[in-house]
file target07.tsv (TSV, C-alpha atoms and all ligand atoms)
chain	number	residue	atom	x	y	z
M	223	MET	CA	188.13	159.24	118.12
M	224	SER	CA	185.72	160.82	120.61
M	225	SER	CA	187.03	161.63	124.06
M	226	GLU	CA	184.24	159.54	125.61
M	227	ILE	CA	185.53	156.42	123.84
M	228	VAL	CA	189.06	157.13	125.02
M	229	LYS	CA	187.86	157.66	128.60
M	230	VAL	CA	185.89	154.39	128.67
M	231	ALA	CA	188.92	152.56	127.26
M	232	GLU	CA	191.23	154.12	129.86
M	233	LEU	CA	188.94	153.16	132.73
M	234	ILE	CA	188.81	149.57	131.47
M	235	ALA	CA	192.56	149.37	130.93
M	236	SER	CA	193.33	150.68	134.42
M	237	SER	CA	191.01	148.12	136.06
M	238	ARG	CA	193.27	145.19	135.14
M	239	GLY	CA	190.60	142.71	134.08
M	240	ASN	CA	188.39	143.34	137.09
M	241	VAL	CA	185.58	144.77	134.98
M	242	VAL	CA	181.97	143.59	134.94
M	243	LEU	CA	179.30	144.63	132.46
M	244	PHE	CA	175.66	145.01	133.42
M	245	THR	CA	173.36	145.04	130.39
M	246	GLY	CA	169.68	145.59	129.61
M	247	ALA	CA	167.30	145.68	126.68
M	248	GLY	CA	169.06	148.76	125.21
M	249	ILE	CA	172.07	146.72	124.06
M	250	SER	CA	169.73	144.70	121.84
M	251	THR	CA	167.65	147.48	120.24
M	252	GLU	CA	170.25	147.76	117.47
M	253	SER	CA	169.48	144.08	116.74
M	254	GLY	CA	165.85	145.07	116.12
M	255	ILE	CA	164.46	143.85	119.47
M	256	PRO	CA	162.40	146.63	121.08
M	257	ASP	CA	163.20	147.57	124.68
M	258	PHE	CA	160.45	148.29	127.19
M	259	ARG	CA	160.87	151.96	128.11
M	260	GLY	CA	162.89	153.53	125.26
M	261	PRO	CA	161.22	155.81	122.65
M	262	LYS	CA	160.21	152.81	120.49
M	263	GLY	CA	159.63	150.59	123.52
M	264	LEU	CA	157.07	147.84	123.83
M	265	TRP	CA	155.15	149.74	126.53
M	266	LYS	CA	154.11	152.27	123.87
M	267	ARG	CA	151.97	149.51	122.33
M	268	ILE	CA	151.07	147.01	125.03
M	269	SER	CA	150.49	147.02	128.75
M	270	PRO	CA	153.26	145.73	131.05
M	271	GLU	CA	150.56	143.67	132.82
M	272	ILE	CA	150.75	141.12	130.02
M	273	PHE	CA	154.09	139.99	131.38
M	274	SER	CA	152.98	139.64	134.99
M	275	ILE	CA	152.61	136.29	136.71
M	276	GLU	CA	149.07	137.23	137.87
M	277	PHE	CA	147.99	137.83	134.28
M	278	PHE	CA	149.66	134.59	133.15
M	279	GLN	CA	147.84	132.57	135.79
M	280	GLU	CA	144.49	134.19	134.99
M	281	ASP	CA	144.69	133.61	131.25
M	282	PRO	CA	147.64	131.41	130.25
M	283	ASP	CA	146.28	130.79	126.74
M	284	PHE	CA	146.15	134.49	125.83
M	285	SER	CA	149.41	135.16	127.65
M	286	TRP	CA	151.13	132.48	125.55
M	287	LYS	CA	149.73	133.95	122.33
M	288	LYS	CA	151.16	137.37	123.25
M	289	TYR	CA	154.48	135.84	124.33
M	290	LEU	CA	154.94	134.11	120.97
M	291	GLU	CA	153.96	137.22	118.98
M	292	GLU	CA	155.79	139.87	120.99
M	293	VAL	CA	158.77	137.99	122.39
M	294	TYR	CA	159.56	134.56	120.99
M	295	VAL	CA	159.12	135.20	117.27
M	296	PRO	CA	160.93	138.59	117.09
M	297	ILE	CA	163.81	137.42	119.30
M	298	SER	CA	164.22	134.14	117.37
M	299	ARG	CA	164.84	136.19	114.22
M	300	ALA	CA	167.41	138.55	115.78
M	301	SER	CA	171.20	138.34	115.57
M	302	PRO	CA	173.87	139.92	117.78
M	303	ASN	CA	174.93	143.46	116.86
M	304	SER	CA	178.33	145.15	116.99
M	305	ALA	CA	177.91	145.97	120.71
M	306	HIS	CA	177.40	142.30	121.65
M	307	TYR	CA	180.46	141.33	119.59
M	308	ALA	CA	182.53	144.05	121.24
M	309	VAL	CA	181.54	142.75	124.69
M	310	ALA	CA	182.61	139.23	123.72
M	311	LYS	CA	185.91	140.57	122.33
M	312	LEU	CA	186.65	142.40	125.59
M	313	GLU	CA	186.07	139.21	127.56
M	314	ALA	CA	188.20	137.09	125.19
M	315	GLY	CA	190.96	139.69	125.53
M	316	GLY	CA	190.96	139.30	129.32
M	317	LEU	CA	189.71	142.85	129.89
M	318	VAL	CA	186.24	141.98	131.18
M	319	LYS	CA	185.51	139.11	133.55
M	320	GLY	CA	181.82	138.68	132.90
M	321	VAL	CA	178.42	140.02	131.93
M	322	ILE	CA	175.37	140.27	134.13
M	323	THR	CA	172.37	140.65	131.86
M	324	GLN	CA	168.70	141.38	132.38
M	325	ASN	CA	168.11	140.27	128.80
M	326	ILE	CA	166.46	137.03	127.87
M	327	ASP	CA	167.52	137.08	124.21
M	328	ARG	CA	170.74	134.96	124.38
M	329	LEU	CA	172.52	137.45	122.08
M	330	HIS	CA	175.55	137.80	124.37
M	331	GLN	CA	176.13	134.04	124.16
M	332	LYS	CA	175.50	134.03	120.38
M	333	ALA	CA	178.17	136.72	120.00
M	334	GLY	CA	180.67	134.56	121.92
M	335	SER	CA	180.48	135.81	125.51
M	336	ARG	CA	181.20	132.94	127.91
M	337	ASN	CA	180.68	134.17	131.44
M	338	VAL	CA	177.11	135.44	131.29
M	339	ILE	CA	174.72	135.55	134.24
M	340	GLU	CA	171.09	135.72	133.11
M	341	LEU	CA	169.01	137.37	135.82
M	342	HIS	CA	165.68	137.04	134.02
M	343	GLY	CA	165.92	133.62	132.37
M	344	ARG	CA	165.98	132.79	128.67
M	345	PHE	CA	163.36	133.26	125.97
M	346	ASP	CA	163.76	129.86	124.31
M	347	GLU	CA	162.90	127.50	127.17
M	348	VAL	CA	159.79	126.48	129.09
M	349	GLN	CA	159.43	125.66	132.75
M	350	CYS	CA	156.79	123.85	134.76
M	351	LEU	CA	155.36	125.83	137.65
M	352	ARG	CA	154.61	122.62	139.59
M	353	CYS	CA	157.45	120.11	139.01
M	354	SER	CA	161.07	120.85	138.09
M	355	PHE	CA	160.66	120.22	134.34
M	356	ARG	CA	162.50	122.57	131.98
M	357	GLY	CA	162.70	122.09	128.24
M	358	ASP	CA	163.26	123.55	124.81
M	359	LEU	CA	160.36	125.85	123.86
M	360	LYS	CA	160.78	125.09	120.13
M	361	LYS	CA	159.19	121.66	120.63
M	362	PHE	CA	155.96	123.26	121.87
M	363	VAL	CA	155.62	126.24	119.50
M	364	GLU	CA	153.63	124.63	116.67
M	365	GLU	CA	151.24	122.95	119.11
M	366	VAL	CA	150.58	126.26	120.94
M	367	LYS	CA	150.01	128.13	117.68
M	368	LYS	CA	147.60	125.47	116.38
M	369	SER	CA	145.60	124.85	119.55
M	370	GLU	CA	145.82	128.44	120.90
M	371	LYS	CA	146.28	126.81	124.30
M	372	ALA	CA	149.12	126.93	126.80
M	373	PRO	CA	151.38	123.87	126.53
M	374	ARG	CA	151.27	121.16	129.21
M	375	CYS	CA	154.13	119.62	131.15
M	376	PRO	CA	155.15	116.21	129.76
M	377	ARG	CA	155.83	115.02	133.32
M	378	CYS	CA	152.93	116.31	135.43
M	379	SER	CA	150.45	117.81	132.90
M	380	SER	CA	150.49	121.16	134.65
M	381	ILE	CA	150.65	124.35	132.56
M	382	LEU	CA	154.08	125.31	131.20
M	383	LYS	CA	155.33	128.90	131.32
M	384	PRO	CA	158.10	130.55	129.28
M	385	ALA	CA	161.32	130.26	131.34
M	386	VAL	CA	161.60	134.00	131.78
M	387	VAL	CA	161.02	135.96	134.97
M	388	TYR	CA	157.60	137.65	134.81
M	389	PHE	CA	156.72	140.74	136.85
M	390	GLY	CA	155.81	139.54	140.33
M	391	GLU	CA	158.10	136.50	140.23
M	392	PRO	CA	161.33	136.16	142.20
M	393	LEU	CA	164.68	136.11	140.44
M	394	PRO	CA	166.50	132.77	140.25
M	395	GLU	CA	168.43	132.57	143.50
M	396	LYS	CA	171.75	131.23	142.23
M	397	GLU	CA	171.97	133.82	139.45
M	398	LEU	CA	171.12	136.66	141.81
M	399	LEU	CA	173.75	135.57	144.36
M	400	ASP	CA	176.38	135.00	141.66
M	401	ALA	CA	175.63	138.41	140.15
M	402	LEU	CA	175.87	140.16	143.51
M	403	SER	CA	179.17	138.51	144.27
M	404	MET	CA	180.64	139.31	140.83
M	405	ALA	CA	179.45	142.93	141.08
M	406	ARG	CA	180.76	143.40	144.63
M	407	SER	CA	184.21	142.11	143.72
M	408	SER	CA	184.55	144.29	140.59
M	409	SER	CA	186.59	147.49	140.41
M	410	LEU	CA	184.61	148.83	137.45
M	411	LEU	CA	180.99	148.19	136.49
M	412	ILE	CA	179.86	149.30	133.05
M	413	ILE	CA	176.10	149.71	132.81
M	414	ILE	CA	174.80	149.45	129.25
M	415	GLY	CA	171.31	150.01	127.82
M	416	THR	CA	169.15	149.80	130.91
M	417	SER	CA	166.73	152.24	132.52
M	418	LEU	CA	167.50	150.64	135.92
M	419	ALA	CA	163.78	150.65	136.63
M	420	VAL	CA	163.32	146.90	137.19
M	421	TYR	CA	163.97	145.60	140.71
M	422	PRO	CA	165.71	143.74	142.24
M	423	ALA	CA	168.08	143.68	139.22
M	424	ALA	CA	168.65	147.44	139.54
M	425	LEU	CA	170.06	146.91	143.04
M	426	ILE	CA	173.14	145.21	141.57
M	427	PRO	CA	174.83	148.38	140.24
M	428	GLN	CA	174.00	150.19	143.48
M	429	GLU	CA	175.61	147.37	145.44
M	430	ALA	CA	178.74	147.43	143.23
M	431	ILE	CA	179.12	151.18	143.84
M	432	ARG	CA	178.46	150.81	147.58
M	433	THR	CA	181.27	148.26	147.82
M	434	GLY	CA	183.77	150.47	146.01
M	435	ALA	CA	183.42	149.90	142.28
M	436	LYS	CA	183.57	152.80	139.86
M	437	ALA	CA	180.61	152.96	137.48
M	438	VAL	CA	180.33	153.94	133.83
M	439	VAL	CA	176.88	154.37	132.26
M	440	ILE	CA	176.44	153.93	128.49
M	441	ASN	CA	172.78	154.69	127.86
M	442	ASP	CA	171.07	156.96	125.36
M	443	SER	CA	168.76	158.44	128.02
M	444	PRO	CA	169.25	159.41	131.69
M	445	THR	CA	169.29	156.75	134.43
M	446	PRO	CA	168.85	157.04	138.20
M	447	ILE	CA	172.51	156.15	138.75
M	448	ASP	CA	174.06	158.84	136.51
M	449	GLY	CA	174.87	161.07	139.49
M	450	LYS	CA	177.02	158.36	141.09
M	451	ALA	CA	178.88	157.37	137.92
M	452	GLU	CA	182.50	158.18	137.13
M	453	LEU	CA	181.44	158.70	133.52
M	454	VAL	CA	178.09	158.92	131.71
M	455	VAL	CA	178.05	158.37	127.95
M	456	ARG	CA	174.68	159.29	126.51
M	457	ARG	CA	175.09	157.54	123.18
M	458	LYS	CA	174.13	154.27	121.50
M	459	ALA	CA	175.97	151.17	122.68
M	460	GLY	CA	176.83	150.28	119.07
M	461	GLU	CA	178.56	153.63	118.55
M	462	ILE	CA	180.79	153.25	121.60
M	463	LEU	CA	181.62	149.64	122.46
M	464	PRO	CA	183.09	148.48	119.11
M	465	GLU	CA	185.48	151.47	119.13
M	466	VAL	CA	186.46	150.78	122.74
M	467	ALA	CA	187.12	147.10	122.01
M	468	LYS	CA	189.10	147.97	118.88
M	469	MET	CA	191.32	150.33	120.84
M	470	LEU	CA	191.97	148.00	123.74
M	471	VAL	CA	192.35	144.71	121.98
M	472	VAL	CA	194.76	146.22	119.42
M	473	GLU	CA	196.73	147.91	122.19
M	474	LYS	CA	196.98	144.62	124.03
M	475	ASN	CA	198.27	142.77	120.95
M	476	GLU	CA	200.85	145.49	120.34
M	477	GLU	CA	202.05	145.27	123.93
M	478	THR	CA	202.65	141.52	123.60
M	479	ALA	CA	204.19	141.76	120.09
Z	1	LIG	P1	164.29	149.33	129.52
Z	1	LIG	O1	163.44	149.25	128.30
Z	1	LIG	O2	163.64	149.70	130.79
Z	1	LIG	O3	165.46	150.39	129.28
Z	1	LIG	C1	166.28	150.34	128.14
Z	1	LIG	C2	167.20	151.54	128.19
Z	1	LIG	O4	168.16	151.43	127.16
Z	1	LIG	C3	166.47	152.88	128.01
Z	1	LIG	O5	166.93	153.78	128.99
Z	1	LIG	C4	166.88	153.32	126.60
Z	1	LIG	O6	166.96	154.72	126.51
Z	1	LIG	C5	168.24	152.67	126.47
Z	1	LIG	N1	168.63	152.32	125.10
Z	1	LIG	C6	167.85	151.85	124.09
Z	1	LIG	N2	168.59	151.56	123.02
Z	1	LIG	C7	169.86	151.88	123.33
Z	1	LIG	C8	171.11	151.81	122.62
Z	1	LIG	N3	171.16	151.33	121.37
Z	1	LIG	N4	172.22	152.21	123.28
Z	1	LIG	C9	172.18	152.70	124.55
Z	1	LIG	N5	171.04	152.79	125.25
Z	1	LIG	C10	169.90	152.36	124.65
Z	1	LIG	O7	165.08	147.94	129.60
Z	1	LIG	P2	165.70	147.24	130.88
Z	1	LIG	O8	166.24	148.23	131.84
Z	1	LIG	O9	166.57	146.15	130.37
Z	1	LIG	O10	164.43	146.59	131.59
Z	1	LIG	C11	163.49	145.86	130.85
Z	1	LIG	C12	163.32	144.41	131.29
Z	1	LIG	O11	162.63	143.75	130.24
Z	1	LIG	C13	164.59	143.68	131.47
Z	1	LIG	O12	164.66	143.28	132.76
Z	1	LIG	C14	164.54	142.49	130.50
Z	1	LIG	O13	164.38	141.28	131.24
Z	1	LIG	C15	163.29	142.63	129.71
Z	1	LIG	N6	163.50	142.84	128.26
Z	1	LIG	C16	164.45	142.12	127.62
Z	1	LIG	C17	164.66	142.30	126.28
Z	1	LIG	C18	165.75	141.49	125.61
Z	1	LIG	O14	166.11	140.42	126.09
Z	1	LIG	N7	166.33	141.99	124.51
Z	1	LIG	C19	163.90	143.23	125.56
Z	1	LIG	C20	162.90	143.95	126.25
Z	1	LIG	C21	162.73	143.74	127.61
Z	2	ZN	ZN	155.51	119.50	135.60
call {"tool": "encode", "arguments": {"input": "target07.tsv", "output": "structure tokens", "more": "lines below"}}
Ligand code: NAD
Ligand code: ZN
result
Amino acid sequence: MSSEIVKVAELIASSRGNVVLFTGAGISTESGIPDFRGPKGLWKRISPEIFSIEFFQEDPDFSWKKYLEEVYVPISRASPNSAHYAVAKLEAGGLVKGVITQNIDRLHQKAGSRNVIELHGRFDEVQCLRCSFRGDLKKFVEEVKKSEKAPRCPRCSSILKPAVVYFGEPLPEKELLDALSMARSSSLLIIIGTSLAVYPAALIPQEAIRTGAKAVVINDSPTPIDGKAELVVRRKAGEILPEVAKMLVVEKNEETA
């Protein structure tokens, strides 16, 4: 057992359930979904502009085509990996109170996590930019593929957009406030698989630290918060989290036996 795994487990155990996880695209790369900025990231192939609201509004038809190819189809095929399952196990065991995620892929929920705050929306829904309509994206996919046109709102006929936060759009207010309050009240924040380059989401770990939480970073490359962390583990999430969960959940069962 590596000493890093033991240290992460000890920090979680001594925080008595008051632990919050903050995740990014890196927790899902082991499920085959590329991140943005990692070595095999999406930005190596396409320009970040494609996922900006300005670009969407200028050319919604092309933007939809790219969204289906680069986001919807690959994510629809993906399944949770051992890191997502470990996160869910820690929550079920009462060791973690919730997950704040920047991911849109729903893999935390698919793995069984219950208290998940999605800061950037979800990949499988659409939203109308004019009225309040929200719906299941699946119903529109075939039509978009066939017509090569952006889908229209069934209520007001305006153009529908994927229900994910594009660059240049504000974060959903309730989620942002809930995330800030969960982060501020935590004793330990574990940051997993994020470059902390996307704002305002990246303010959340800073705010947790400012209000007294200890931070652990599990990321395979450096992050801007490493200097303020109690512990930095520069490894893959899937190599660390399952071992941590195995240690803690077994220990807990033994204690109660
Ligand atoms: P990012 O691409 O900026 O950073 C990912 C980080 O994770 C990198 O530092 C990388 O080195 C690290 N990493 C990659 N694989 C890892 C692994 N297996 N274990 C540990 N670390 C690993 O991603 P971000 O910070 O989440 O920001 C990108 C934004 O794009 C997010 O806000 C998110 O909304 C969106 N996004 C989501 C998904 C998804 O839902 N799966 C995928 C791509 C992008
Ligand atoms: Zn509408």
call {"tool": "closest_residue", "arguments": {"input": "target07.tsv", "among": "M:Pro384, M:Pro376, M:Gly434, M:Gly390", "to": "ligand ZN 2 (chain Z)", "atoms": "only C-alpha atoms and all ligand atoms"}}
result
M:Pro376
call {"tool": "closest_residue", "arguments": {"input": "target07.tsv", "among": "M:Ile414, M:Ile275, M:Val228, M:Leu425", "to": "ligand LIG 1 (chain Z)", "atoms": "only C-alpha atoms and all ligand atoms"}}
result
M:Ile414
call {"tool": "closest_residue", "arguments": {"input": "target07.tsv", "among": "M:Gln428, M:Ser250, M:Ser274, M:Ser236", "to": "Gly449 in chain M", "atoms": "all atoms listed in the file"}}
result
M:Gln428
call {"tool": "atom_distance", "arguments": {"input": "target07.tsv", "atom1": "atom O4 of ligand LIG 1 (chain Z)", "atom2": "CA of Gln324 in chain M"}}
result
11.3 Å
call {"tool": "closest_residue", "arguments": {"input": "target07.tsv", "among": "M:Ile413, M:Leu399, M:Ala333, M:Val338", "to": "Ala459 in chain M", "atoms": "all atoms listed in the file"}}
result
M:Ile413
call {"tool": "closest_residue", "arguments": {"input": "target07.tsv", "among": "M:Lys311, M:Lys383, M:Lys262, M:Arg267", "to": "Lys468 in chain M", "atoms": "all atoms listed in the file"}}
result
M:Lys311
call {"tool": "residues_near_ligand", "arguments": {"input": "target07.tsv", "ligand": "ligand LIG 1 (chain Z)", "cutoff": "6 Å", "atoms": "all atoms listed in the file", "output": "compact mmCIF listing (two decimals) with C-alpha atoms, in the coordinates of the input"}}
result
# COMPACT_ATOMS: atom_id res chain seq x y z
CA GLY M 246 169.68 145.59 129.61
CA ALA M 247 167.30 145.68 126.68
CA GLY M 248 169.06 148.76 125.21
CA ILE M 249 172.07 146.72 124.06
CA SER M 250 169.73 144.70 121.84
CA THR M 251 167.65 147.48 120.24
CA GLU M 252 170.25 147.76 117.47
CA ILE M 255 164.46 143.85 119.47
CA PRO M 256 162.40 146.63 121.08
CA ASP M 257 163.20 147.57 124.68
CA PHE M 258 160.45 148.29 127.19
CA ARG M 259 160.87 151.96 128.11
CA GLY M 260 162.89 153.53 125.26
CA GLN M 324 168.70 141.38 132.38
CA ASN M 325 168.11 140.27 128.80
CA ILE M 326 166.46 137.03 127.87
CA ASP M 327 167.52 137.08 124.21
CA HIS M 342 165.68 137.04 134.02
CA GLY M 415 171.31 150.01 127.82
CA THR M 416 169.15 149.80 130.91
CA SER M 417 166.73 152.24 132.52
CA LEU M 418 167.50 150.64 135.92
CA ALA M 419 163.78 150.65 136.63
CA VAL M 420 163.32 146.90 137.19
CA ILE M 440 176.44 153.93 128.49
CA ASN M 441 172.78 154.69 127.86
CA ASP M 442 171.07 156.96 125.36
CA SER M 443 168.76 158.44 128.02
CA ARG M 457 175.09 157.54 123.18
CA LYS M 458 174.13 154.27 121.50
CA ALA M 459 175.97 151.17 122.68
call {"tool": "closest_atom_pairs", "arguments": {"input": "target07.tsv", "of": "chain M", "to": "ligand ZN 2 (chain Z)", "cutoff": "9 Å", "atoms": "only C-alpha atoms and all ligand atoms", "output": "CSV"}}
result
residue,atom,partner,partner_atom,distance
M:Gln349,CA,Z:ZN2,ZN,7.8
M:Cys350,CA,Z:ZN2,ZN,4.6
M:Leu351,CA,Z:ZN2,ZN,6.7
M:Arg352,CA,Z:ZN2,ZN,5.1
M:Cys353,CA,Z:ZN2,ZN,4.0
M:Ser354,CA,Z:ZN2,ZN,6.2
M:Phe355,CA,Z:ZN2,ZN,5.4
M:Arg356,CA,Z:ZN2,ZN,8.4
M:Arg374,CA,Z:ZN2,ZN,7.8
M:Cys375,CA,Z:ZN2,ZN,4.7
M:Pro376,CA,Z:ZN2,ZN,6.7
M:Arg377,CA,Z:ZN2,ZN,5.0
M:Cys378,CA,Z:ZN2,ZN,4.1
M:Ser379,CA,Z:ZN2,ZN,6.0
M:Ser380,CA,Z:ZN2,ZN,5.4
M:Ile381,CA,Z:ZN2,ZN,7.5
M:Leu382,CA,Z:ZN2,ZN,7.4
call {"tool": "atom_distance", "arguments": {"input": "target07.tsv", "atom1": "CA of Glu370 in chain M", "atom2": "CA of Phe345 in chain M"}}
result
18.9 Å
call {"tool": "residues_around", "arguments": {"input": "target07.tsv", "residues": "Arg406 in chain M", "least_positions_apart": "5", "cutoff": "10 Å", "atoms": "all atoms listed in the file", "output": "list in words"}}
result
Val242, Asp400, Ala401, Leu411, Ile426, Pro427, Gln428, Glu429, Ala430, Ile431, Arg432, Thr433, Gly434 and Ala435 of chain M
